[in-house]
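The next block holds one structure in the form of structure tokens; read it before the comments.
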There are 2 protein chains.
Amino acid sequence: MQTRRRVTIDDIARHAGVTKTTVSRALNARPDVNPETRDRISEIAERLGYVPSATAKVLRTGRSHTMGMALPSFTWPGILEILRGVSDVLDALGYQVTLFPLTRGEEAERDLVFRVMPSLQMDGLILILPPGMLRYIGELASRGVPVVLIDDRVEHRDRDFPSVGTTNVSGARAITRHLLQLGRRRIAIITGPDTQDVSKNRLAGYRLALEEAGVPFRQELVVGGNFEPPSGQAAVESLLASGQRFDAVFASNDQMALGALRGLHAAGVCVPHDVALAGFDDDHAGRFTIPSLTTVHQPLYEMGSAAARTVVAAAEGQPSERHIEIPARLVVRESCGAGGERSS
Amino acid sequence: MQTRRRVTIDDIARHAGVTKTTVSRALNARPDVNPETRDRISEIAERLGYVPSATAKVLRTGRSHTMGMALPSFTWPGILEILRGVSDVLDALGYQVTLFPLTRGEEAERDLVFRVMPSLQMDGLILILPPGMLRYIGELASRGVPVVLIDDRVEHRDRDFPSVGTTNVSGARAITRHLLQLGRRRIAIITGPDTQDVSKNRLAGYRLALEEAGVPFRQELVVGGNFEPPSGQAAVESLLASGQRFDAVFASNDQMALGALRGLHAAGVCVPHDVALAGFDDDHAGRFTIPSLTTVHQPLYEMGSAAARTVVAAAEGQPSERHIEIPARLVVRESCGAGGERSS
DNA sequence: CTGTTAGCGCGTTCAG
DNA sequence: CTGAACGCGCTAACAG
């Protein structure tokens, strides 16, 4: 099987009786070329089955029309929504996406910044941050490579590069307020790890809503979790064991809410009748529990697409915003007793 | 901010007092170079912060160490597991992954085959097949580009390229047998669309198990669905309305099982006491329903990694298998009444 | 409007 | 063991 040589602009030039320069200009729709020549060239290119070599173009122009997307892991389901947003936008704008798993931790980040990115000459990088690290990425930004962060950690805002996040505080505030409006007064909260800003922000929103409603904050109703389902179950078990009265539980994410639901069910507590249950994130799974989970929708798709638009803008030299915050919104289902699938 | 020029092998050559030819050889660990020279060159390269240009290398060698991964959409959660398998293997073998969403349908496929792949010079392609299309991809394979299909449609086996699938028939057989062993005799099945082989295969496995147990197959207990949750709910509703007696439901995928669970619950039917419920796929969500879902684990991670190993082998000229089939396995949870989380 | 010349960074003959 | 020269495919600078 003889692999036939690739058709180049030189071939076209020969067929058209011009130089490859002219072919290049014609194919790139430059103004300074005779319309007739252009048409003839296009036609020949078509007939010969010419396909431009992206590789050669990158070598020459330095622009690859490819964006890197670095992510900590493929285990968090939310990644897929983000990816969908990123991919939709980049695809529409004519960019490819190349994936960089950061599973090997800091070494992988180093590698990405000092070896892979410069080697592949990507036009920019979208970064979903692994919890608690951002050592070398700044180097990229200061070298002029467009970088956008998808994250909500306060300490990363107004840094060397733009970021995209959601409104964790007001989301948590909204759902807590929702519980209060339904008459719940002793609302327990299952928090995430103290080390993460998401945890702090969601807790802050909860406190804010209580305060606004004049309902006292009780430290006894705060239980720590780690964002995984078992920790949610353990949390309600410890609450029940403590003897504290509570008529609602706000889990700082849906995964823990699922665990909590299981724990409550096992203890014979009826949701939402005895205890209302709320989550955060709007994971797929929460739509199918019985009762279905009232939660706060985290706009991952929008975050992904905003990030994509931002890197492209930066890569193409257009001005772009520093920090984009996309509002989270309450999704009312069954687990708080308000019925229906209203959404506000 | 002056973007400093990139360090090339020429720079290293100048510093080392040799030619770039020698530098190239040294850096690529060729045998025909003086060990001392090699060490000196490596050291200089290190000191200068040299990073090889992948782009230039591709142009010269024709190999990009990048694999394309084409997928129909980012909505099916299982994609993430496959992606994880693919990414882990490719990362370990020193390959990048570039994503190609096939959301625009046939046009996108055409584009991929005739424009994108040849332009980007990827070393191979992993393809997750959109239901019912495979028009142009064969062209790639016959042009010598390694292609691996992740799919289980019979008609695609032994075609121009290798494929990776799972054992749908025996998986469905195993879970049906499980229900039979628990004493269930009137087992309803919710099927997927007739047009897809997955649906047919899972139905076939179900029939096989019944036959082996000498339990009659009843057409009245077969209800059609479309793999989406609402269709599962509708299916049990129609079963209940029909007045047919049944003591178990096997939904052809977990998504429909979730809908079925909801339908049964709403009708006051207790799972597993009155009716046992089984699914297929082992979706994340099925672990957290109450009762948790007994299902068949589809080894997506392994399918992804096998596919990755296969393309790389093909790209590197090693022999590779035609069709790889990775066994699905029963995961026993609560919804069939056997308790525990045994797995066989 | 078109051609000439040069070079992006690298690997690879073919000579020594 | 090392060097000179060439070319992968393309665009850019400078002439005309």
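Residues in the structure tokens are numbered from 1 in each chain, the chains being A, B, ... in the order shown, and ligands are numbered from 1 in the order shown.
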Please report as CSV every residue of chain B lying within 6 Å of chain A, along with the nearest atom pair and their distance in Å (one decimal), using only C-alpha atoms.
residue,atom,partner,partner_atom,distance
B:Pro52,CA,A:Ser119,CA,5.9
B:Ser53,CA,A:Ser119,CA,4.7
B:Ala54,CA,A:Ser119,CA,5.1
B:Phe74,CA,A:Arg84,CA,5.5
B:Arg84,CA,A:Phe74,CA,5.5
B:Val97,CA,A:Thr98,CA,5.6
B:Thr98,CA,A:Thr98,CA,4.2
B:Leu99,CA,A:Val97,CA,5.6
B:Ser119,CA,A:Ser53,CA,4.6
B:Leu120,CA,A:Ala54,CA,5.4
B:Ala285,CA,A:Ala285,CA,4.7
B:Thr289,CA,A:Thr289,CA,5.6
For those residues, write C-alpha atoms to a file as a PDB file, in the first residue's frame.
ATOM      1  CA  PRO B  52      11.913  20.804  22.060  1.00  0.00           C
ATOM      2  CA  SER B  53       9.309  22.079  19.648  1.00  0.00           C
ATOM      3  CA  ALA B  54       6.750  19.355  19.212  1.00  0.00           C
ATOM      4  CA  PHE B  74     -20.901  15.139  26.646  1.00  0.00           C
ATOM      5  CA  ARG B  84     -10.575   8.538  32.322  1.00  0.00           C
ATOM      6  CA  VAL B  97      -5.617  13.561  23.716  1.00  0.00           C
ATOM      7  CA  THR B  98      -7.459  15.999  21.541  1.00  0.00           C
ATOM      8  CA  LEU B  99     -11.236  16.033  21.653  1.00  0.00           C
ATOM      9  CA  SER B 119      -4.555  18.642   8.925  1.00  0.00           C
ATOM     10  CA  LEU B 120      -3.562  17.938  12.497  1.00  0.00           C
ATOM     11  CA  ALA B 285     -26.664   7.527  40.662  1.00  0.00           C
ATOM     12  CA  THR B 289     -31.094   5.437  45.557  1.00  0.00           C
TER      13      THR B 289
END
message: Show me, as an MDAnalysis selection string, the residues that have an atom within 12 Å of C:DC14 when counting only C-alpha atoms (C1' of nucleotides), minus same-chain residues fewer than 6 positions from it.
response: chainID D and resid 3:6
Select from chain B every residue with an atom at most 12 Å from any atom of chain D, then for each give the shortest pair of atoms and their distance in Å to one decimal, using only C-alpha atoms (C1' of nucleotides), rows by chain and rising number, as JSON lines.
{"residue": "B:Ala13", "atom": "CA", "partner": "D:DG3", "partner_atom": "C1'", "distance": 11.8}
{"residue": "B:Gly17", "atom": "CA", "partner": "D:DT2", "partner_atom": "C1'", "distance": 11.5}
{"residue": "B:Val18", "atom": "CA", "partner": "D:DT2", "partner_atom": "C1'", "distance": 8.2}
{"residue": "B:Thr19", "atom": "CA", "partner": "D:DG3", "partner_atom": "C1'", "distance": 6.7}
{"residue": "B:Lys20", "atom": "CA", "partner": "D:DG3", "partner_atom": "C1'", "distance": 9.2}
{"residue": "B:Thr21", "atom": "CA", "partner": "D:DG3", "partner_atom": "C1'", "distance": 7.6}
{"residue": "B:Thr22", "atom": "CA", "partner": "D:DT2", "partner_atom": "C1'", "distance": 6.8}
{"residue": "B:Val23", "atom": "CA", "partner": "D:DT2", "partner_atom": "C1'", "distance": 10.5}
{"residue": "B:Ser24", "atom": "CA", "partner": "D:DT2", "partner_atom": "C1'", "distance": 11.9}
{"residue": "B:Arg25", "atom": "CA", "partner": "D:DT2", "partner_atom": "C1'", "distance": 10.4}
{"residue": "B:Ala26", "atom": "CA", "partner": "D:DT2", "partner_atom": "C1'", "distance": 11.5}
{"residue": "B:Arg30", "atom": "CA", "partner": "D:DC1", "partner_atom": "C1'", "distance": 11.6}
{"residue": "B:Pro31", "atom": "CA", "partner": "D:DC1", "partner_atom": "C1'", "distance": 10.0}
{"residue": "B:Asp32", "atom": "CA", "partner": "D:DC1", "partner_atom": "C1'", "distance": 6.4}
{"residue": "B:Val33", "atom": "CA", "partner": "D:DC1", "partner_atom": "C1'", "distance": 5.9}
{"residue": "B:Asn34", "atom": "CA", "partner": "D:DC1", "partner_atom": "C1'", "distance": 6.4}
{"residue": "B:Pro35", "atom": "CA", "partner": "D:DC1", "partner_atom": "C1'", "distance": 10.2}
{"residue": "B:Glu36", "atom": "CA", "partner": "D:DC1", "partner_atom": "C1'", "distance": 11.5}
{"residue": "B:Thr37", "atom": "CA", "partner": "D:DC1", "partner_atom": "C1'", "distance": 10.1}
{"residue": "B:Arg38", "atom": "CA", "partner": "D:DC1", "partner_atom": "C1'", "distance": 11.5}
{"residue": "B:Thr55", "atom": "CA", "partner": "D:DC8", "partner_atom": "C1'", "distance": 11.1}
{"residue": "B:Ala56", "atom": "CA", "partner": "D:DC8", "partner_atom": "C1'", "distance": 8.6}
{"residue": "B:Lys57", "atom": "CA", "partner": "D:DC8", "partner_atom": "C1'", "distance": 9.3}
{"residue": "B:Val58", "atom": "CA", "partner": "D:DC8", "partner_atom": "C1'", "distance": 8.7}
{"residue": "B:Leu59", "atom": "CA", "partner": "D:DC8", "partner_atom": "C1'", "distance": 5.2}
{"residue": "B:Arg60", "atom": "CA", "partner": "D:DC8", "partner_atom": "C1'", "distance": 4.9}
{"residue": "B:Thr61", "atom": "CA", "partner": "D:DC8", "partner_atom": "C1'", "distance": 7.9}
{"residue": "B:Gly62", "atom": "CA", "partner": "D:DC8", "partner_atom": "C1'", "distance": 8.5}
{"residue": "B:Arg63", "atom": "CA", "partner": "D:DC8", "partner_atom": "C1'", "distance": 11.9}
{"residue": "B:Ser119", "atom": "CA", "partner": "D:DG9", "partner_atom": "C1'", "distance": 11.1}
Generate the output file for the selected residues, N, CA and C atoms, as a PDB file, in the first residue's frame.
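What ended up in again_23.pdb:
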ATOM      1  N   ALA B  13      23.844  24.210  20.127  1.00  0.00           N
ATOM      2  CA  ALA B  13      24.997  23.866  19.300  1.00  0.00           C
ATOM      3  C   ALA B  13      26.078  24.932  19.423  1.00  0.00           C
ATOM      4  N   GLY B  17      29.731  24.341  20.866  1.00  0.00           N
ATOM      5  CA  GLY B  17      30.772  24.291  19.854  1.00  0.00           C
ATOM      6  C   GLY B  17      30.631  23.097  18.923  1.00  0.00           C
ATOM      7  N   VAL B  18      29.405  22.698  18.689  1.00  0.00           N
ATOM      8  CA  VAL B  18      29.176  21.611  17.723  1.00  0.00           C
ATOM      9  C   VAL B  18      28.077  22.037  16.742  1.00  0.00           C
ATOM     10  N   THR B  19      27.607  21.118  15.937  1.00  0.00           N
ATOM     11  CA  THR B  19      26.520  21.441  15.003  1.00  0.00           C
ATOM     12  C   THR B  19      25.193  21.000  15.594  1.00  0.00           C
ATOM     13  N   LYS B  20      24.116  21.525  15.049  1.00  0.00           N
ATOM     14  CA  LYS B  20      22.810  21.121  15.544  1.00  0.00           C
ATOM     15  C   LYS B  20      22.552  19.641  15.262  1.00  0.00           C
ATOM     16  N   THR B  21      23.209  19.144  14.244  1.00  0.00           N
ATOM     17  CA  THR B  21      23.088  17.712  13.958  1.00  0.00           C
ATOM     18  C   THR B  21      23.476  16.905  15.190  1.00  0.00           C
ATOM     19  N   THR B  22      24.625  17.207  15.718  1.00  0.00           N
ATOM     20  CA  THR B  22      25.119  16.494  16.882  1.00  0.00           C
ATOM     21  C   THR B  22      24.188  16.678  18.073  1.00  0.00           C
ATOM     22  N   VAL B  23      23.717  17.903  18.236  1.00  0.00           N
ATOM     23  CA  VAL B  23      22.803  18.168  19.342  1.00  0.00           C
ATOM     24  C   VAL B  23      21.565  17.297  19.206  1.00  0.00           C
ATOM     25  N   SER B  24      21.008  17.269  18.023  1.00  0.00           N
ATOM     26  CA  SER B  24      19.825  16.462  17.776  1.00  0.00           C
ATOM     27  C   SER B  24      20.087  15.012  18.155  1.00  0.00           C
ATOM     28  N   ARG B  25      21.187  14.500  17.696  1.00  0.00           N
ATOM     29  CA  ARG B  25      21.521  13.110  18.006  1.00  0.00           C
ATOM     30  C   ARG B  25      21.662  12.890  19.503  1.00  0.00           C
ATOM     31  N   ALA B  26      22.386  13.798  20.131  1.00  0.00           N
ATOM     32  CA  ALA B  26      22.630  13.648  21.570  1.00  0.00           C
ATOM     33  C   ALA B  26      21.312  13.648  22.342  1.00  0.00           C
ATOM     34  N   ARG B  30      20.771   8.956  20.518  1.00  0.00           N
ATOM     35  CA  ARG B  30      21.253   8.078  19.457  1.00  0.00           C
ATOM     36  C   ARG B  30      22.570   7.432  19.879  1.00  0.00           C
ATOM     37  N   PRO B  31      22.850   6.267  19.355  1.00  0.00           N
ATOM     38  CA  PRO B  31      24.072   5.565  19.784  1.00  0.00           C
ATOM     39  C   PRO B  31      25.338   6.242  19.261  1.00  0.00           C
ATOM     40  N   ASP B  32      25.262   6.809  18.057  1.00  0.00           N
ATOM     41  CA  ASP B  32      26.468   7.312  17.412  1.00  0.00           C
ATOM     42  C   ASP B  32      26.857   8.722  17.857  1.00  0.00           C
ATOM     43  N   VAL B  33      27.124   8.858  19.153  1.00  0.00           N
ATOM     44  CA  VAL B  33      27.595  10.146  19.631  1.00  0.00           C
ATOM     45  C   VAL B  33      28.450   9.940  20.879  1.00  0.00           C
ATOM     46  N   ASN B  34      29.502  10.658  20.937  1.00  0.00           N
ATOM     47  CA  ASN B  34      30.441  10.548  22.052  1.00  0.00           C
ATOM     48  C   ASN B  34      29.742  10.825  23.388  1.00  0.00           C
ATOM     49  N   PRO B  35      29.866   9.873  24.326  1.00  0.00           N
ATOM     50  CA  PRO B  35      29.224  10.018  25.639  1.00  0.00           C
ATOM     51  C   PRO B  35      29.531  11.353  26.308  1.00  0.00           C
ATOM     52  N   GLU B  36      30.760  11.777  26.248  1.00  0.00           N
ATOM     53  CA  GLU B  36      31.117  13.046  26.880  1.00  0.00           C
ATOM     54  C   GLU B  36      30.378  14.203  26.220  1.00  0.00           C
ATOM     55  N   THR B  37      30.414  14.191  24.891  1.00  0.00           N
ATOM     56  CA  THR B  37      29.716  15.238  24.144  1.00  0.00           C
ATOM     57  C   THR B  37      28.250  15.247  24.533  1.00  0.00           C
ATOM     58  N   ARG B  38      27.683  14.060  24.598  1.00  0.00           N
ATOM     59  CA  ARG B  38      26.277  13.947  24.929  1.00  0.00           C
ATOM     60  C   ARG B  38      25.964  14.603  26.277  1.00  0.00           C
ATOM     61  N   THR B  55       5.900  20.856  17.559  1.00  0.00           N
ATOM     62  CA  THR B  55       5.393  21.236  16.245  1.00  0.00           C
ATOM     63  C   THR B  55       6.397  20.941  15.136  1.00  0.00           C
ATOM     64  N   ALA B  56       7.614  21.425  15.331  1.00  0.00           N
ATOM     65  CA  ALA B  56       8.638  21.213  14.319  1.00  0.00           C
ATOM     66  C   ALA B  56       8.902  19.721  14.145  1.00  0.00           C
ATOM     67  N   LYS B  57       8.856  19.020  15.265  1.00  0.00           N
ATOM     68  CA  LYS B  57       9.117  17.595  15.214  1.00  0.00           C
ATOM     69  C   LYS B  57       8.056  16.878  14.383  1.00  0.00           C
ATOM     70  N   VAL B  58       6.812  17.293  14.562  1.00  0.00           N
ATOM     71  CA  VAL B  58       5.739  16.680  13.789  1.00  0.00           C
ATOM     72  C   VAL B  58       5.954  16.944  12.305  1.00  0.00           C
ATOM     73  N   LEU B  59       6.268  18.169  12.004  1.00  0.00           N
ATOM     74  CA  LEU B  59       6.442  18.544  10.602  1.00  0.00           C
ATOM     75  C   LEU B  59       7.505  17.662   9.959  1.00  0.00           C
ATOM     76  N   ARG B  60       8.535  17.431  10.735  1.00  0.00           N
ATOM     77  CA  ARG B  60       9.648  16.652  10.199  1.00  0.00           C
ATOM     78  C   ARG B  60       9.351  15.145  10.176  1.00  0.00           C
ATOM     79  N   THR B  61       8.833  14.635  11.288  1.00  0.00           N
ATOM     80  CA  THR B  61       8.689  13.182  11.417  1.00  0.00           C
ATOM     81  C   THR B  61       7.325  12.644  11.018  1.00  0.00           C
ATOM     82  N   GLY B  62       6.329  13.504  11.045  1.00  0.00           N
ATOM     83  CA  GLY B  62       4.986  13.036  10.730  1.00  0.00           C
ATOM     84  C   GLY B  62       4.272  12.388  11.900  1.00  0.00           C
ATOM     85  N   ARG B  63       4.936  12.305  13.050  1.00  0.00           N
ATOM     86  CA  ARG B  63       4.291  11.711  14.219  1.00  0.00           C
ATOM     87  C   ARG B  63       4.071  12.779  15.287  1.00  0.00           C
ATOM     88  N   SER B 119      -5.178  17.364   8.659  1.00  0.00           N
ATOM     89  CA  SER B 119      -4.555  18.642   8.925  1.00  0.00           C
ATOM     90  C   SER B 119      -3.698  18.598  10.185  1.00  0.00           C
TER      91      SER B 119
END
Alpha helix (DSSP H) residues, from DSSP on the backbone, in stretch 183-338 of chain A, as a PyMOL selection string: chain A and resi 197-213+229-242+254-266+300-315
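For the pair atom CA of A:Ala188 and atom CA of A:Glu212, the separation is 16.7 Å.
Residues of chain C having any atom within 10 Å of chain A, counting only C-alpha atoms (C1' of nucleotides), are DC1, DT2, DG3, DT4, DG7, DC8 and DG9 of chain C.
Rounded to one decimal, atom CA of A:Ala278 and atom CA of A:Ala257 lie 6.8 Å from each other.
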task: List every residue of stretch 66-288 of chain A that DSSP, applied to the backbone, labels as strand (DSSP E), and write the result as number ranges by chain.
output: A: 66-71, 96-101, 124-128, 147-150, 163-166, 187-191, 222-224, 248-251, 276-278
